[in-house]
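A.B. asks: Next up is a structure, given as structure tokens.
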Amino acid sequence: MLDVIDLNLEFHDHLVPETVVYDFDLHMEPGEIVGLVGESGSGKSMTALAIAGLLSRHDMQKRGKILFEGQDLLTCRRSELRSLQGDDIAMIFQEPMTSLNPVYRIGPQVEEALRIHSPGIDKEERKRRAIQMLADVDLEEPERVYDAYPHQLSGGMRQRVMIAAAMICGPKLLIADEPTTALDVTVQAQIVKLLKRINREKKTAILFISHDLSLIRQLCQRVVVMQGGRIVESGSIEEVYGSPRMEYTQKLIAAIPRCEKKYARRQSGKSAQSAKGGMQDGR
Ligand SMILES: Nc1ncnc2c1ncn2[C@@H]1O[C@H](COP(=O)(O)OP(=O)(O)OP(=O)(O)O)[C@@H](O)[C@H]1O
Ligand SMILES: [Mg+2]
């Protein structure tokens, strides 16, 4: 379904060009969940935006191939790219408040991709599908959410709304760039569970980006580790977690229990226990 071959991304907005992604390769089968992990600044978001066809900056040079069902997103026409975006490929981001427009109600924002890609669908049917989608992402009282403004919802609810908006056209690939980083651990676990269910029920492939290897382990079948714009390691979850080849990956793995301990210290005994239980459920 997706074949990224030798992707190089280079900024030209400074005196000296700066390469931020080098020789990136990724193959994804339909319905597969792949994790992309790496420290801050390692090039995860740039790679994700390029795959989603959202890096249209004129000061950026893109080399290589991004083949989606055989079509190269780097060379196809703008109109072809637009017909894929939000329809076959959708993306969700870290902070849903920045992707949701605060002055519009939730409903029209969830319907947006449908309005663009299926103009033949009338208003009532669009609303019906949007409310169904809000219910599908486990939002209670979806009719009320439909009429609400973003600020009336919690962070976790807003992320569910973003997932509903991303899923409304039934994309084949969902790119999730740190969708849970702004949420507390219990809500994180719920969102991960939701993504897992979407993948199972709708067969949507997911590229899940995170700097948190423990979340990746809960959700993904395969993981790609990036450092300094390069892939330093990739393989099945068992391979990479069982015997990481790179010292960098070993450090990322070693950081998992430390984070969990830190979280546990911050919480009262009871809530820390329930959060941990939730995370294990999500596996
Ligand atoms: N306009 C720009 N010019 C040059 N370099 C840039 C520009 N914008 C971003 N970068 C660099 O691109 C690199 C990759 O950034 P990217 O946002 O992909 O990292 P990331 O892995 O997503 O990090 P995080 O985990 O913090 O989200 C970073 O080193 C960043 O400094
Ligand atoms: Mg990022």
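Letters A, B, ... go to the chains of the structure tokens in the order shown; residues in each chain start at 1; ligands are counted from 1 in the same order.
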Return as a Markdown table the residues of chain A lying at most 12 Å from ligand 2, together with the closest atom-to-atom pair for each and the distance in Å to one decimal, counting only C-alpha atoms and all ligand atoms, with rows in chain order and ascending residue number.
C.D. replies:
| residue | atom | partner | partner_atom_place_in_ligand_line | distance |
| --- | --- | --- | --- | --- |
| A:Leu36 | CA | ligand 2 | 1 (Mg) | 10.6 |
| A:Val37 | CA | ligand 2 | 1 (Mg) | 10.0 |
| A:Gly38 | CA | ligand 2 | 1 (Mg) | 9.4 |
| A:Glu39 | CA | ligand 2 | 1 (Mg) | 9.1 |
| A:Ser40 | CA | ligand 2 | 1 (Mg) | 6.7 |
| A:Gly41 | CA | ligand 2 | 1 (Mg) | 6.9 |
| A:Ser42 | CA | ligand 2 | 1 (Mg) | 8.2 |
| A:Gly43 | CA | ligand 2 | 1 (Mg) | 7.1 |
| A:Lys44 | CA | ligand 2 | 1 (Mg) | 5.5 |
| A:Ser45 | CA | ligand 2 | 1 (Mg) | 4.0 |
| A:Met46 | CA | ligand 2 | 1 (Mg) | 7.2 |
| A:Thr47 | CA | ligand 2 | 1 (Mg) | 9.2 |
| A:Ala48 | CA | ligand 2 | 1 (Mg) | 8.6 |
| A:Leu49 | CA | ligand 2 | 1 (Mg) | 9.6 |
| A:Ile92 | CA | ligand 2 | 1 (Mg) | 11.7 |
| A:Phe93 | CA | ligand 2 | 1 (Mg) | 8.9 |
| A:Gln94 | CA | ligand 2 | 1 (Mg) | 8.2 |
| A:Glu95 | CA | ligand 2 | 1 (Mg) | 11.1 |
| A:Ala176 | CA | ligand 2 | 1 (Mg) | 10.4 |
| A:Asp177 | CA | ligand 2 | 1 (Mg) | 6.7 |
| A:Glu178 | CA | ligand 2 | 1 (Mg) | 7.1 |
| A:Pro179 | CA | ligand 2 | 1 (Mg) | 10.3 |
| A:Thr181 | CA | ligand 2 | 1 (Mg) | 10.4 |
| A:Phe208 | CA | ligand 2 | 1 (Mg) | 11.4 |
| A:Ile209 | CA | ligand 2 | 1 (Mg) | 8.0 |
| A:Ser210 | CA | ligand 2 | 1 (Mg) | 8.2 |
| A:His211 | CA | ligand 2 | 1 (Mg) | 8.9 |
| A:Met226 | CA | ligand 2 | 1 (Mg) | 11.7 |
| A:Gly229 | CA | ligand 2 | 1 (Mg) | 11.8 |
A.B. asks: Find the residues near Glu29 in chain A: any atom within 8 Å, counting only C-alpha atoms, skip ones fewer than 2 places away on the same chain, and give them as a ChimeraX atom specification.
C.D. replies: /A:1-2,27,31-32,205
A.B. asks: Would you write out those residues with N, CA and C atoms, as a tab-separated table (two decimals), in the first residue's frame?
C.D. replies:
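Once written, again-v1.tsv looks like this:
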chain	number	residue	atom	x	y	z
A	1	MET	N	0.82	-1.20	0.00
A	1	MET	CA	0.00	0.00	0.00
A	1	MET	C	0.87	1.27	0.00
A	2	LEU	N	1.83	1.29	0.95
A	2	LEU	CA	2.72	2.45	1.01
A	2	LEU	C	4.16	1.99	0.89
A	27	HIS	N	7.95	0.44	4.24
A	27	HIS	CA	6.97	-0.32	3.49
A	27	HIS	C	5.83	-0.64	4.44
A	31	GLY	N	-3.73	-2.31	6.38
A	31	GLY	CA	-4.17	-2.76	7.70
A	31	GLY	C	-3.07	-2.95	8.73
A	32	GLU	N	-1.85	-2.60	8.36
A	32	GLU	CA	-0.74	-2.79	9.31
A	32	GLU	C	-0.60	-1.57	10.24
A	205	ALA	N	-4.82	1.07	8.00
A	205	ALA	CA	-3.40	1.00	8.38
A	205	ALA	C	-3.07	2.26	9.18
A.B. asks: Report the distance between atom 4 (C, counted along the ligand's line) of ligand 1 and CA of Ala52 in chain A in Å, rounded to one decimal place.
C.D. replies: 19.3 Å
A.B. asks: Give me the residues near Ser214 in chain A as JSON, numbers by chain, where near means some atom within 8 Å (using only C-alpha atoms) and where sequence neighbours in that chain fewer than 2 positions away do not count.
C.D. replies: {"A": [212, 216, 217, 218, 253, 256]}
A.B. asks: Residues at most 12 Å from range 115-131 of chain A, counting only C-alpha atoms, excluding those fewer than 2 positions away in the same chain, as a PyMOL selection string?
C.D. replies: chain A and resi 79-80+82-88+106-113+133-147+161-171
A.B. asks: Restricted to C-alpha atoms, what would the selected residues look like written as an mmCIF file, in the first residue's frame?
C.D. replies:
data_model
loop_
_atom_site.group_PDB
_atom_site.id
_atom_site.type_symbol
_atom_site.label_atom_id
_atom_site.label_comp_id
_atom_site.auth_asym_id
_atom_site.auth_seq_id
_atom_site.Cartn_x
_atom_site.Cartn_y
_atom_site.Cartn_z
ATOM 1 C CA SER A 79 -5.265 17.754 -7.869
ATOM 2 C CA GLU A 80 -4.394 14.046 -7.548
ATOM 3 C CA ARG A 82 -5.797 16.619 -2.990
ATOM 4 C CA SER A 83 -8.097 13.811 -3.954
ATOM 5 C CA LEU A 84 -6.080 11.442 -1.730
ATOM 6 C CA GLN A 85 -5.785 13.754 1.267
ATOM 7 C CA GLY A 86 -8.488 13.225 3.839
ATOM 8 C CA ASP A 87 -9.960 10.486 1.673
ATOM 9 C CA ASP A 88 -7.372 7.690 1.392
ATOM 10 C CA ILE A 106 -17.694 20.377 15.982
ATOM 11 C CA GLY A 107 -20.226 19.060 13.423
ATOM 12 C CA PRO A 108 -19.088 20.934 10.315
ATOM 13 C CA GLN A 109 -15.447 20.276 11.204
ATOM 14 C CA VAL A 110 -16.040 16.527 11.374
ATOM 15 C CA GLU A 111 -17.920 16.680 8.067
ATOM 16 C CA GLU A 112 -15.273 18.683 6.235
ATOM 17 C CA ALA A 113 -13.519 15.819 4.406
ATOM 18 C CA MET A 133 -18.728 8.678 13.437
ATOM 19 C CA LEU A 134 -18.748 10.597 16.745
ATOM 20 C CA ALA A 135 -20.555 7.654 18.300
ATOM 21 C CA ASP A 136 -18.063 5.245 16.715
ATOM 22 C CA VAL A 137 -15.186 6.946 18.530
ATOM 23 C CA ASP A 138 -17.068 6.361 21.804
ATOM 24 C CA LEU A 139 -18.220 9.911 22.415
ATOM 25 C CA GLU A 140 -21.290 9.913 24.597
ATOM 26 C CA GLU A 141 -24.227 12.038 23.467
ATOM 27 C CA PRO A 142 -22.832 12.460 19.946
ATOM 28 C CA GLU A 143 -25.671 14.842 18.966
ATOM 29 C CA ARG A 144 -24.610 17.243 21.704
ATOM 30 C CA VAL A 145 -20.955 16.939 20.752
ATOM 31 C CA TYR A 146 -21.956 17.683 17.142
ATOM 32 C CA ASP A 147 -23.392 21.036 18.237
ATOM 33 C CA VAL A 161 -13.345 14.336 17.521
ATOM 34 C CA MET A 162 -10.153 14.644 15.456
ATOM 35 C CA ILE A 163 -10.073 10.891 14.988
ATOM 36 C CA ALA A 164 -13.741 10.986 13.891
ATOM 37 C CA ALA A 165 -12.937 13.766 11.397
ATOM 38 C CA ALA A 166 -9.939 11.807 10.088
ATOM 39 C CA MET A 167 -11.962 8.594 9.750
ATOM 40 C CA ILE A 168 -15.111 10.013 8.141
ATOM 41 C CA CYS A 169 -14.104 9.120 4.584
ATOM 42 C CA GLY A 170 -12.787 5.715 5.638
ATOM 43 C CA PRO A 171 -9.088 6.309 4.862
#
A.B. asks: Would you kindly return, as a ChimeraX atom specification, each protein, DNA or RNA residue with an atom no farther than 12 Å from any atom of Gly155 in chain A, considering only C-alpha atoms and excluding same-chain residues fewer than 2 positions away?
C.D. replies: /A:94-98,100,150-153,157-162,179-184,187-188,191
A.B. asks: So, with only C-alpha atoms as the atoms that count, which of A:Leu7, A:Val192, A:Leu55, A:Ile237 lies closest to Leu219 in chain A?
C.D. replies: A:Val192
A.B. asks: Run DSSP on the backbone and grab whatever in range 160-221 of chain A lands in helix (DSSP H, G or I); send it over as a PyMOL selection string.
C.D. replies: chain A and resi 160-167+185-202+213-219
A.B. asks: Residues as selected, C-alpha atoms, written as a tab-separated table (two decimals), in the first residue's frame, can you do that?
C.D. replies:
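Output file again27.tsv is given in full below:
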chain	number	residue	atom	x	y	z
A	160	ARG	CA	-11.67	11.64	19.64
A	161	VAL	CA	-13.35	14.34	17.52
A	162	MET	CA	-10.15	14.64	15.46
A	163	ILE	CA	-10.07	10.89	14.99
A	164	ALA	CA	-13.74	10.99	13.89
A	165	ALA	CA	-12.94	13.77	11.40
A	166	ALA	CA	-9.94	11.81	10.09
A	167	MET	CA	-11.96	8.59	9.75
A	185	VAL	CA	-1.86	8.53	30.92
A	186	THR	CA	-5.36	7.09	31.46
A	187	VAL	CA	-6.80	8.99	28.47
A	188	GLN	CA	-3.71	8.04	26.42
A	189	ALA	CA	-4.50	4.38	27.03
A	190	GLN	CA	-8.13	4.89	25.93
A	191	ILE	CA	-7.07	6.59	22.70
A	192	VAL	CA	-4.59	3.81	21.97
A	193	LYS	CA	-7.37	1.27	22.54
A	194	LEU	CA	-9.64	3.22	20.19
A	195	LEU	CA	-6.99	3.27	17.45
A	196	LYS	CA	-6.54	-0.47	17.91
A	197	ARG	CA	-10.27	-1.03	17.53
A	198	ILE	CA	-10.46	1.20	14.43
A	199	ASN	CA	-7.63	-0.81	12.92
A	200	ARG	CA	-9.34	-4.10	13.73
A	201	GLU	CA	-12.83	-3.11	12.57
A	202	LYS	CA	-12.11	-0.86	9.62
A	213	LEU	CA	8.21	3.18	23.23
A	214	SER	CA	5.79	1.75	25.77
A	215	LEU	CA	2.81	3.15	23.81
A	216	ILE	CA	4.29	1.83	20.56
A	217	ARG	CA	4.59	-1.60	22.15
A	218	GLN	CA	0.90	-1.57	23.07
A	219	LEU	CA	-0.30	-0.71	19.59
A.B. asks: Kindly indicate which residue among A:Ala255, A:Ile231, A:Val223, A:Ile206 lies nearest to ligand 1, using only C-alpha atoms and all ligand atoms for the distances.
C.D. replies: A:Ile231
A.B. asks: Measuring between only C-alpha atoms and all ligand atoms, which one of A:Val21, A:Leu54, A:Leu207, A:Leu15 shows the shortest distance to ligand 1?
C.D. replies: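 Of the candidates, the smallest distance to ligand 1 is held by A:Val21.
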A.B. asks: Range 1-152 of chain A: which residues are strand (DSSP E or B) by DSSP, as an NGL selection string?
C.D. replies: :A and (2-11 or 18-28 or 33-38 or 60-68 or 71-72 or 85 or 89-92)
A.B. asks: Keeping N, CA and C atoms for every residue in the selection just given, could you write it to a file as a compact mmCIF listing (two decimals), in the first residue's frame?
C.D. replies:
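Result went into part30.txt, see below:
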# COMPACT_ATOMS: atom_id res chain seq x y z
N LEU A 2 1.83 1.29 0.95
CA LEU A 2 2.72 2.45 1.01
C LEU A 2 4.16 1.99 0.89
N ASP A 3 4.88 2.66 0.00
CA ASP A 3 6.31 2.38 -0.16
C ASP A 3 7.06 3.70 -0.21
N VAL A 4 7.75 3.99 0.86
CA VAL A 4 8.57 5.20 0.86
C VAL A 4 10.00 4.74 0.55
N ILE A 5 10.57 5.32 -0.48
CA ILE A 5 11.89 4.85 -0.93
C ILE A 5 12.87 6.03 -0.95
N ASP A 6 13.91 5.89 -0.17
CA ASP A 6 15.01 6.88 -0.19
C ASP A 6 14.53 8.32 -0.05
N LEU A 7 13.65 8.55 0.87
CA LEU A 7 13.12 9.91 1.05
C LEU A 7 14.17 10.79 1.75
N ASN A 8 14.46 11.91 1.12
CA ASN A 8 15.35 12.91 1.71
C ASN A 8 14.62 14.24 1.74
N LEU A 9 14.65 14.88 2.88
CA LEU A 9 13.99 16.19 3.02
C LEU A 9 15.02 17.21 3.43
N GLU A 10 15.07 18.30 2.66
CA GLU A 10 16.10 19.29 2.89
C GLU A 10 15.49 20.68 2.92
N PHE A 11 15.75 21.43 3.99
CA PHE A 11 15.28 22.82 4.08
C PHE A 11 16.23 23.75 3.35
N GLU A 18 19.70 22.55 4.95
CA GLU A 18 19.77 21.65 6.09
C GLU A 18 18.92 20.41 5.81
N THR A 19 19.57 19.25 5.80
CA THR A 19 18.82 18.00 5.58
C THR A 19 18.26 17.56 6.92
N VAL A 20 16.96 17.30 6.97
CA VAL A 20 16.35 16.87 8.23
C VAL A 20 15.92 15.41 8.20
N VAL A 21 15.79 14.85 6.99
CA VAL A 21 15.50 13.41 6.87
C VAL A 21 16.39 12.84 5.78
N TYR A 22 17.09 11.73 6.10
CA TYR A 22 18.03 11.11 5.17
C TYR A 22 17.59 9.69 4.82
N ASP A 23 17.51 9.40 3.53
CA ASP A 23 17.36 8.01 3.03
C ASP A 23 16.33 7.20 3.81
N PHE A 24 15.16 7.78 3.99
CA PHE A 24 14.12 7.10 4.78
C PHE A 24 13.38 6.09 3.90
N ASP A 25 13.28 4.86 4.38
CA ASP A 25 12.55 3.81 3.67
C ASP A 25 11.47 3.24 4.57
N LEU A 26 10.29 3.02 4.00
CA LEU A 26 9.22 2.40 4.80
C LEU A 26 8.27 1.68 3.87
N HIS A 27 7.95 0.44 4.24
CA HIS A 27 6.97 -0.32 3.49
C HIS A 27 5.83 -0.64 4.44
N MET A 28 4.60 -0.34 4.04
CA MET A 28 3.45 -0.69 4.87
C MET A 28 2.42 -1.46 4.08
N ILE A 33 -0.10 -1.81 11.46
CA ILE A 33 0.18 -0.68 12.35
C ILE A 33 1.69 -0.61 12.57
N VAL A 34 2.28 0.49 12.15
CA VAL A 34 3.73 0.65 12.29
C VAL A 34 3.99 1.84 13.21
N GLY A 35 4.92 1.66 14.12
CA GLY A 35 5.30 2.73 15.03
C GLY A 35 6.55 3.43 14.52
N LEU A 36 6.57 4.74 14.69
CA LEU A 36 7.77 5.52 14.33
C LEU A 36 8.19 6.23 15.60
N VAL A 37 9.38 5.90 16.08
CA VAL A 37 9.79 6.43 17.37
C VAL A 37 11.14 7.13 17.24
N GLY A 38 11.39 8.08 18.10
CA GLY A 38 12.68 8.77 18.10
C GLY A 38 12.57 10.00 18.97
N MET A 60 11.49 23.74 0.65
CA MET A 60 11.90 22.41 1.05
C MET A 60 12.10 21.53 -0.17
N GLN A 61 13.25 20.89 -0.23
CA GLN A 61 13.49 19.98 -1.35
C GLN A 61 13.22 18.54 -0.91
N LYS A 62 12.42 17.85 -1.73
CA LYS A 62 12.08 16.48 -1.38
C LYS A 62 12.62 15.56 -2.46
N ARG A 63 13.39 14.59 -2.06
CA ARG A 63 13.90 13.62 -3.03
C ARG A 63 13.48 12.21 -2.63
N GLY A 64 13.40 11.32 -3.61
CA GLY A 64 13.00 9.95 -3.33
C GLY A 64 11.60 9.69 -3.87
N LYS A 65 10.96 8.67 -3.31
CA LYS A 65 9.62 8.31 -3.78
C LYS A 65 8.71 8.04 -2.59
N ILE A 66 7.47 8.52 -2.70
CA ILE A 66 6.45 8.12 -1.72
C ILE A 66 5.33 7.49 -2.53
N LEU A 67 5.37 6.17 -2.63
CA LEU A 67 4.38 5.48 -3.47
C LEU A 67 3.21 5.04 -2.62
N PHE A 68 2.03 5.58 -2.95
CA PHE A 68 0.81 5.14 -2.28
C PHE A 68 -0.02 4.42 -3.33
N GLN A 71 1.16 5.15 -6.76
CA GLN A 71 1.23 6.52 -7.26
C GLN A 71 2.25 7.32 -6.43
N ASP A 72 3.15 8.01 -7.10
CA ASP A 72 4.19 8.75 -6.37
C ASP A 72 3.66 10.12 -5.92
N GLN A 85 -5.84 13.22 -0.09
CA GLN A 85 -5.79 13.75 1.27
C GLN A 85 -7.15 13.80 1.93
N ILE A 89 -5.80 9.03 2.66
CA ILE A 89 -4.77 9.24 3.69
C ILE A 89 -5.26 10.37 4.60
N ALA A 90 -5.31 10.11 5.90
CA ALA A 90 -5.73 11.16 6.83
C ALA A 90 -4.70 11.26 7.94
N MET A 91 -4.69 12.42 8.60
CA MET A 91 -3.66 12.63 9.63
C MET A 91 -4.27 13.27 10.86
N ILE A 92 -3.79 12.84 12.03
CA ILE A 92 -4.17 13.53 13.27
C ILE A 92 -2.90 13.98 13.98
A.B. asks: Could you tell me how far CA of Pro30 in chain A lies from CA of Leu173 in chain A, in Å and to one decimal?
C.D. replies: 7.9 Å
A.B. asks: Between CA of Ser236 in chain A and CA of Gln221 in chain A, what is the distance in Å, rounded to a tenth?
C.D. replies: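 Separating CA of Ser236 in chain A from CA of Gln221 in chain A is a distance of 6.0 Å.
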A.B. asks: Find, counting only C-alpha atoms and all ligand atoms, the residue in A:Leu174, A:Leu81, A:Gln227, A:Ile51 that gets nearest to ligand 1.
C.D. replies: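 For ligand 1, the nearest of the given residues is A:Gln227.
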A.B. asks: Quick one: residues within 12 Å of Glu247 in chain A, only C-alpha atoms, excluding same-chain residues fewer than 3 positions away - as a VMD selection string?
C.D. replies: chain A and resid 225 227 232 to 233 240 243 to 244 250 to 254
